[in-house]
>>> print(open('upload.csv').read())   # CSV, C-alpha atoms
chain,number,residue,atom,x,y,z
A,1,MET,CA,150.5,256.0,-184.7
A,2,ALA,CA,146.7,255.9,-185.1
A,3,HIS,CA,145.3,257.4,-188.2
A,4,THR,CA,143.3,260.6,-187.9
A,5,GLU,CA,141.5,262.9,-190.4
A,6,GLN,CA,144.8,264.8,-190.8
A,7,ALA,CA,146.9,261.6,-191.2
A,8,VAL,CA,146.7,261.7,-195.0
A,9,THR,CA,149.4,263.4,-197.0
A,10,PRO,CA,148.8,267.2,-197.3
A,11,LEU,CA,147.4,268.9,-200.4
A,12,VAL,CA,150.1,271.0,-202.1
A,13,ILE,CA,149.0,273.9,-204.3
A,14,ALA,CA,151.4,276.4,-205.7
A,15,GLY,CA,154.1,275.3,-203.3
A,16,ARG,CA,151.9,275.6,-200.1
A,17,ALA,CA,150.7,272.6,-198.1
A,18,TYR,CA,147.2,272.3,-196.7
A,19,ALA,CA,146.1,269.7,-194.2
A,20,SER,CA,142.5,269.7,-195.6
A,21,ARG,CA,141.7,268.5,-199.1
A,22,LEU,CA,138.2,270.1,-198.9
A,23,LEU,CA,137.7,273.5,-200.4
A,24,VAL,CA,134.4,275.3,-199.8
A,25,GLY,CA,132.5,278.2,-201.2
A,26,THR,CA,131.0,281.0,-199.2
A,27,GLY,CA,127.8,281.8,-201.1
A,28,LYS,CA,124.1,280.7,-200.7
A,29,TYR,CA,124.1,280.6,-196.9
A,30,ARG,CA,121.4,282.2,-194.9
A,31,ASP,CA,123.7,284.8,-193.4
A,32,LEU,CA,127.4,285.4,-192.6
A,33,GLU,CA,127.1,283.7,-189.2
A,34,GLU,CA,125.9,280.4,-190.8
A,35,THR,CA,128.7,280.8,-193.3
A,36,ARG,CA,131.2,281.1,-190.5
A,37,GLN,CA,129.9,278.0,-188.7
A,38,ALA,CA,129.7,275.8,-191.8
A,39,VAL,CA,133.2,276.7,-193.0
A,40,ALA,CA,134.6,276.0,-189.5
A,41,ALA,CA,132.8,272.6,-189.4
A,42,SER,CA,134.2,271.7,-192.8
A,43,GLY,CA,137.8,272.0,-191.6
A,44,ALA,CA,138.6,273.7,-194.9
A,45,GLU,CA,141.6,276.0,-195.1
A,46,ILE,CA,140.8,277.4,-198.6
A,47,VAL,CA,137.6,279.3,-199.2
A,48,THR,CA,136.4,280.4,-202.6
A,49,VAL,CA,134.6,283.7,-203.0
A,50,ALA,CA,132.7,285.2,-206.0
A,51,VAL,CA,134.2,288.7,-206.3
A,52,ARG,CA,131.2,290.1,-208.1
A,53,ARG,CA,128.7,288.9,-205.5
A,54,THR,CA,130.6,289.2,-202.2
A,55,ASN,CA,131.6,292.3,-200.2
A,56,LEU,CA,135.4,292.1,-199.6
A,57,GLY,CA,135.6,295.8,-198.7
A,58,GLN,CA,134.1,297.2,-201.9
A,59,ASP,CA,131.3,298.6,-199.7
A,60,PRO,CA,132.7,299.8,-196.3
A,61,ALA,CA,129.2,300.3,-195.0
A,62,ALA,CA,128.1,296.7,-195.5
A,63,PRO,CA,129.2,293.6,-193.5
A,64,SER,CA,132.3,292.0,-195.0
A,65,LEU,CA,133.1,288.3,-195.4
A,66,LEU,CA,136.6,289.2,-194.2
A,67,ASP,CA,135.1,289.9,-190.7
A,68,VAL,CA,133.9,286.4,-190.2
A,69,LEU,CA,136.5,284.5,-192.2
A,70,PRO,CA,139.8,286.3,-191.4
A,71,PRO,CA,142.4,286.1,-194.1
A,72,GLU,CA,145.1,285.2,-191.5
A,73,ARG,CA,143.2,282.0,-190.8
A,74,TYR,CA,141.9,281.1,-194.3
A,75,THR,CA,143.4,281.2,-197.7
A,76,TYR,CA,141.0,283.1,-200.0
A,77,LEU,CA,140.4,281.8,-203.5
A,78,PRO,CA,138.7,284.6,-205.4
A,79,ASN,CA,136.8,283.4,-208.5
A,80,SER,CA,135.5,284.8,-211.6
A,81,ALA,CA,132.0,283.3,-211.3
A,82,GLY,CA,129.5,285.0,-213.6
A,83,CYS,CA,132.0,285.8,-216.3
A,84,TYR,CA,131.3,284.7,-219.8
A,85,THR,CA,134.4,286.1,-221.6
A,86,ALA,CA,138.1,285.9,-221.1
A,87,GLU,CA,138.3,289.7,-220.7
A,88,ASP,CA,135.6,289.8,-218.0
A,89,ALA,CA,137.3,287.0,-216.1
A,90,VAL,CA,140.8,288.7,-216.2
A,91,ARG,CA,139.3,292.0,-215.2
A,92,THR,CA,137.5,290.4,-212.2
A,93,LEU,CA,140.5,288.6,-210.9
A,94,ARG,CA,142.7,291.7,-211.2
A,95,LEU,CA,140.2,293.5,-209.1
A,96,ALA,CA,140.3,290.7,-206.5
A,97,ARG,CA,144.1,291.0,-206.4
A,98,GLU,CA,143.7,294.7,-205.5
A,99,LEU,CA,141.1,294.0,-202.9
A,100,LEU,CA,143.2,291.3,-201.2
A,101,ASP,CA,146.5,293.2,-201.2
A,102,GLY,CA,148.2,291.5,-204.1
A,103,HIS,CA,146.8,288.0,-203.5
A,104,ALA,CA,147.9,285.8,-206.4
A,105,LEU,CA,146.0,282.5,-206.0
A,106,VAL,CA,142.7,282.6,-208.0
A,107,LYS,CA,140.1,280.4,-209.4
A,108,LEU,CA,139.4,281.0,-213.1
A,109,GLU,CA,135.9,280.3,-214.2
A,110,VAL,CA,134.6,281.3,-217.7
A,111,LEU,CA,131.1,280.1,-218.4
A,112,GLY,CA,129.6,279.0,-221.7
A,113,ASP,CA,125.9,279.8,-221.1
A,114,GLU,CA,123.5,280.7,-218.3
A,115,ARG,CA,121.4,277.5,-218.5
A,116,THR,CA,124.2,274.9,-217.9
A,117,LEU,CA,127.0,277.0,-216.5
A,118,TYR,CA,129.3,274.7,-218.5
A,119,PRO,CA,132.9,276.0,-218.9
A,120,ASN,CA,133.7,277.8,-222.1
A,121,MET,CA,137.1,276.2,-222.8
A,122,PRO,CA,138.4,278.4,-225.6
A,123,GLU,CA,137.7,281.5,-223.5
A,124,THR,CA,139.1,279.8,-220.4
A,125,LEU,CA,142.4,279.0,-222.2
A,126,ARG,CA,142.7,282.6,-223.4
A,127,ALA,CA,142.1,283.9,-219.9
A,128,ALA,CA,144.6,281.4,-218.4
A,129,GLU,CA,147.4,282.5,-220.7
A,130,VAL,CA,146.9,286.2,-219.7
A,131,LEU,CA,146.6,285.5,-216.0
A,132,VAL,CA,149.7,283.3,-215.8
A,133,ARG,CA,151.7,285.9,-217.7
A,134,ASP,CA,150.4,288.5,-215.2
A,135,GLY,CA,151.8,286.5,-212.2
A,136,PHE,CA,148.6,284.8,-211.0
A,137,GLN,CA,148.6,281.3,-209.6
A,138,VAL,CA,145.6,279.9,-211.5
A,139,MET,CA,143.3,277.1,-210.5
A,140,VAL,CA,140.9,276.4,-213.3
A,141,TYR,CA,137.2,275.3,-213.5
A,142,CYS,CA,137.2,273.2,-216.7
A,143,ALA,CA,135.6,270.4,-218.7
A,144,ASP,CA,136.5,266.8,-217.8
A,145,ASP,CA,138.7,266.6,-220.8
A,146,PRO,CA,142.3,265.3,-220.5
A,147,ILE,CA,143.5,267.2,-223.5
A,148,GLN,CA,142.3,270.5,-222.3
A,149,ALA,CA,143.6,269.8,-218.8
A,150,ARG,CA,147.1,269.1,-220.3
A,151,ARG,CA,146.9,272.4,-222.2
A,152,LEU,CA,146.1,274.3,-219.0
A,153,GLN,CA,149.0,272.6,-217.3
A,154,ASP,CA,151.3,273.6,-220.2
A,155,ILE,CA,150.2,277.2,-219.9
A,156,GLY,CA,151.3,277.2,-216.3
A,157,CYS,CA,148.1,276.7,-214.2
A,158,VAL,CA,148.7,275.3,-210.7
A,159,ALA,CA,145.6,273.1,-210.6
A,160,VAL,CA,142.7,271.9,-212.8
A,161,MET,CA,139.2,271.5,-211.5
A,162,PRO,CA,137.0,269.4,-213.8
A,163,LEU,CA,133.2,269.5,-213.1
A,164,ALA,CA,131.7,266.3,-211.8
A,165,SER,CA,128.3,267.4,-213.1
A,166,LEU,CA,126.6,270.8,-213.6
A,167,ILE,CA,127.2,273.5,-211.0
A,168,GLY,CA,124.6,273.2,-208.3
A,169,SER,CA,123.0,270.1,-209.7
A,170,GLY,CA,123.9,267.7,-206.9
A,171,MET,CA,124.1,264.9,-209.5
A,172,GLY,CA,127.5,263.6,-208.3
A,173,ILE,CA,130.3,262.3,-210.6
A,174,LEU,CA,128.5,261.4,-213.9
A,175,ASN,CA,131.6,260.4,-215.8
A,176,PRO,CA,134.2,258.9,-213.4
A,177,TRP,CA,136.2,257.5,-216.3
A,178,ASN,CA,136.8,261.0,-217.7
A,179,VAL,CA,137.9,262.3,-214.3
A,180,ARG,CA,140.3,259.4,-214.1
A,181,LEU,CA,141.7,260.3,-217.5
A,182,VAL,CA,142.3,263.9,-216.4
A,183,ILE,CA,144.1,262.6,-213.3
A,184,ASP,CA,146.4,260.5,-215.4
A,185,ALA,CA,147.0,263.3,-218.0
A,186,VAL,CA,148.5,265.9,-215.7
A,187,SER,CA,151.0,266.2,-212.8
A,188,ILE,CA,149.4,269.2,-211.2
A,189,PRO,CA,146.6,268.8,-208.6
A,190,VAL,CA,143.2,267.7,-209.9
A,191,LEU,CA,140.2,268.8,-207.8
A,192,VAL,CA,136.6,267.9,-208.6
A,193,ASP,CA,134.5,271.1,-208.8
A,194,ALA,CA,130.7,271.3,-209.2
A,195,GLY,CA,128.0,268.7,-209.0
A,196,VAL,CA,128.8,267.1,-205.6
A,197,GLY,CA,125.5,266.5,-203.8
A,198,THR,CA,126.3,264.5,-200.7
A,199,ALA,CA,129.2,262.9,-198.7
A,200,SER,CA,129.4,259.7,-200.8
A,201,ASP,CA,130.0,261.8,-204.0
A,202,ALA,CA,133.0,263.5,-202.2
A,203,ALA,CA,134.4,260.1,-201.0
A,204,ILE,CA,134.1,258.7,-204.6
A,205,ALA,CA,136.1,261.6,-206.0
A,206,MET,CA,138.8,261.1,-203.5
A,207,GLU,CA,138.9,257.3,-204.0
A,208,LEU,CA,139.3,257.9,-207.8
A,209,GLY,CA,142.5,259.7,-207.0
A,210,CYS,CA,141.5,263.3,-207.0
A,211,ASP,CA,143.6,265.6,-204.9
A,212,GLY,CA,140.7,267.5,-203.5
A,213,VAL,CA,137.1,268.5,-203.8
A,214,LEU,CA,135.5,272.0,-204.0
A,215,MET,CA,131.9,272.5,-203.2
A,216,ASN,CA,129.4,275.1,-202.1
A,217,THR,CA,125.7,274.3,-202.8
A,218,ALA,CA,125.9,270.8,-201.4
A,219,ILE,CA,126.7,272.3,-198.0
A,220,ALA,CA,124.9,275.6,-198.1
A,221,GLN,CA,121.6,274.2,-199.4
A,222,ALA,CA,121.5,271.1,-197.1
A,223,ARG,CA,118.8,271.1,-194.4
A,224,ASP,CA,121.6,271.4,-191.8
A,225,PRO,CA,124.6,273.1,-193.5
A,226,VAL,CA,126.8,272.8,-190.5
A,227,ALA,CA,126.2,269.1,-190.1
A,228,MET,CA,126.7,268.5,-193.8
A,229,ALA,CA,129.9,270.5,-193.7
A,230,ARG,CA,131.2,268.1,-191.1
A,231,ALA,CA,130.0,265.1,-193.1
A,232,MET,CA,131.9,266.4,-196.1
A,233,ARG,CA,135.1,266.8,-194.1
A,234,LEU,CA,134.9,263.2,-192.9
A,235,ALA,CA,134.1,261.9,-196.4
A,236,VAL,CA,137.0,263.7,-198.1
A,237,ALA,CA,139.4,262.5,-195.4
A,238,SER,CA,138.2,258.9,-195.5
A,239,GLY,CA,138.1,258.8,-199.3
A,240,ARG,CA,141.7,260.0,-199.5
A,241,LEU,CA,142.8,257.6,-196.9
A,242,ALA,CA,141.1,254.7,-198.8
A,243,HIS,CA,142.9,255.8,-202.0
A,244,GLU,CA,146.3,255.9,-200.2
A,245,ALA,CA,145.6,252.5,-198.6
A,246,GLY,CA,144.9,250.9,-202.0
A,247,ARG,CA,141.6,249.0,-202.5
A,248,MET,CA,141.6,245.3,-203.0
A,249,PRO,CA,141.4,244.1,-206.7
A,250,MET,CA,137.8,243.7,-208.1
A,251,LYS,CA,137.0,240.1,-209.1
A,252,HIS,CA,134.0,240.0,-211.4
A,253,TYR,CA,133.9,236.2,-211.9
A,254,ALA,CA,135.3,234.6,-208.8
A,255,ALA,CA,134.5,234.8,-205.1
A,256,SER,CA,137.2,234.8,-202.5
A,257,PRO,CA,136.4,233.7,-198.9
A,258,SER,CA,137.3,236.1,-196.1
A,259,SER,CA,138.9,233.2,-194.2
A,260,PRO,CA,141.6,230.9,-195.6
A,261,GLY,CA,140.5,227.4,-196.6
A,262,ASP,CA,143.6,225.6,-195.3
A,263,GLY,CA,143.4,223.8,-192.0
A,264,LEU,CA,139.6,223.7,-191.7
A,265,ILE,CA,138.3,221.6,-188.9
A,266,ALA,CA,136.3,218.6,-190.4
A,267,VAL,CA,132.8,218.6,-189.1
A,268,GLY,CA,130.9,215.3,-189.5
A,269,ARG,CA,127.2,215.0,-190.1
A,270,SER,CA,125.2,214.1,-187.0
A,271,ARG,CA,122.9,211.1,-187.2
>>> encode(input="upload.csv", output="structure tokens")
Amino acid sequence: MAHTEQAVTPLVIAGRAYASRLLVGTGKYRDLEETRQAVAASGAEIVTVAVRRTNLGQDPAAPSLLDVLPPERYTYLPNSAGCYTAEDAVRTLRLARELLDGHALVKLEVLGDERTLYPNMPETLRAAEVLVRDGFQVMVYCADDPIQARRLQDIGCVAVMPLASLIGSGMGILNPWNVRLVIDAVSIPVLVDAGVGTASDAAIAMELGCDGVLMNTAIAQARDPVAMARAMRLAVASGRLAHEAGRMPMKHYAASPSSPGDGLIAVGRSR
């Protein structure tokens, strides 16, 4: 059978399988129609939404994201973006569960400061413990630290999401070795979150062995968000397929000809 974009093994999170390994955000677009078009072009099945910034029915008089991205088609991943304490994050995600009729899958995000938006890991760990006890399925934005990732797994989180670089920076994966350490440290899915700028960044994350990539700004702030969404879909699929195929060994000090040397036809010098 010929390989297609969906020919790679599915992503499994909290016991549910997804054909797409690309997760996308829903903020920073020009309007809801552009959001709809870009998400559709991405092929994503999981969409993350900032509960504090997006109307999910809190304001019945305003347009709702639910109208353009129906929950029966997409899995919503409400997040606690903008929270700086464990208490605020827990309160925000409990609100999301009420708005989405008991929805349990959430993205925990507790920030350390407004300038870098780097994760505050002590507060993140505290919030994760409360949320898991409260029955949530927690995916966690975290530092690219294998020890912290293992602690989150031990708490009962369903996925860890180390940043590639700062949120919205578009700098790509600045420390691939740490991301690889995180992948080796845990058995739950590892998804790169934050810092992806273009399709090659997404492909590199997948080739490293990440289970998926989550992005928002790289698509929403592109000159053509819909075209970039499609590029990201292709990059994630091809990167994962390359990872599953297994790359050739790297040889730093020896060349290897593409064609075998045995049985070469002797060619004499003309006079």
>>> atom_distance(input="upload.csv", atom1="atom CA of Ala164 of chain A", atom2="atom CA of Ala205 of chain A")
8.7 Å
>>> residues_around(input="upload.csv", residues="Glu33 of chain A", least_positions_apart="5", cutoff="12 Å", atoms="all atoms listed in the file", output="ChimeraX atom specification")
/A:26,38-40,63-65,67-69,225-226
>>> closest_residue(input="upload.csv", among="A:Asp154, A:Glu87, A:Glu129, A:Glu72", to="Glu45 of chain A", atoms="all atoms listed in the file")
A:Glu72
>>> atom_distance(input="upload.csv", atom1="atom CA of Asn216 of chain A", atom2="atom CA of Ser20 of chain A")
15.6 Å
>>> atom_distance(input="upload.csv", atom1="atom CA of Ala44 of chain A", atom2="atom CA of Arg21 of chain A")
7.4 Å
>>> residues_near_point(input="upload.csv", point="(127.7, 287.5, -201.9)", cutoff="10 Å", atoms="all atoms listed in the file", output="VMD selection string")
chain A and resid 26 to 29 31 to 32 49 to 56 64 to 65
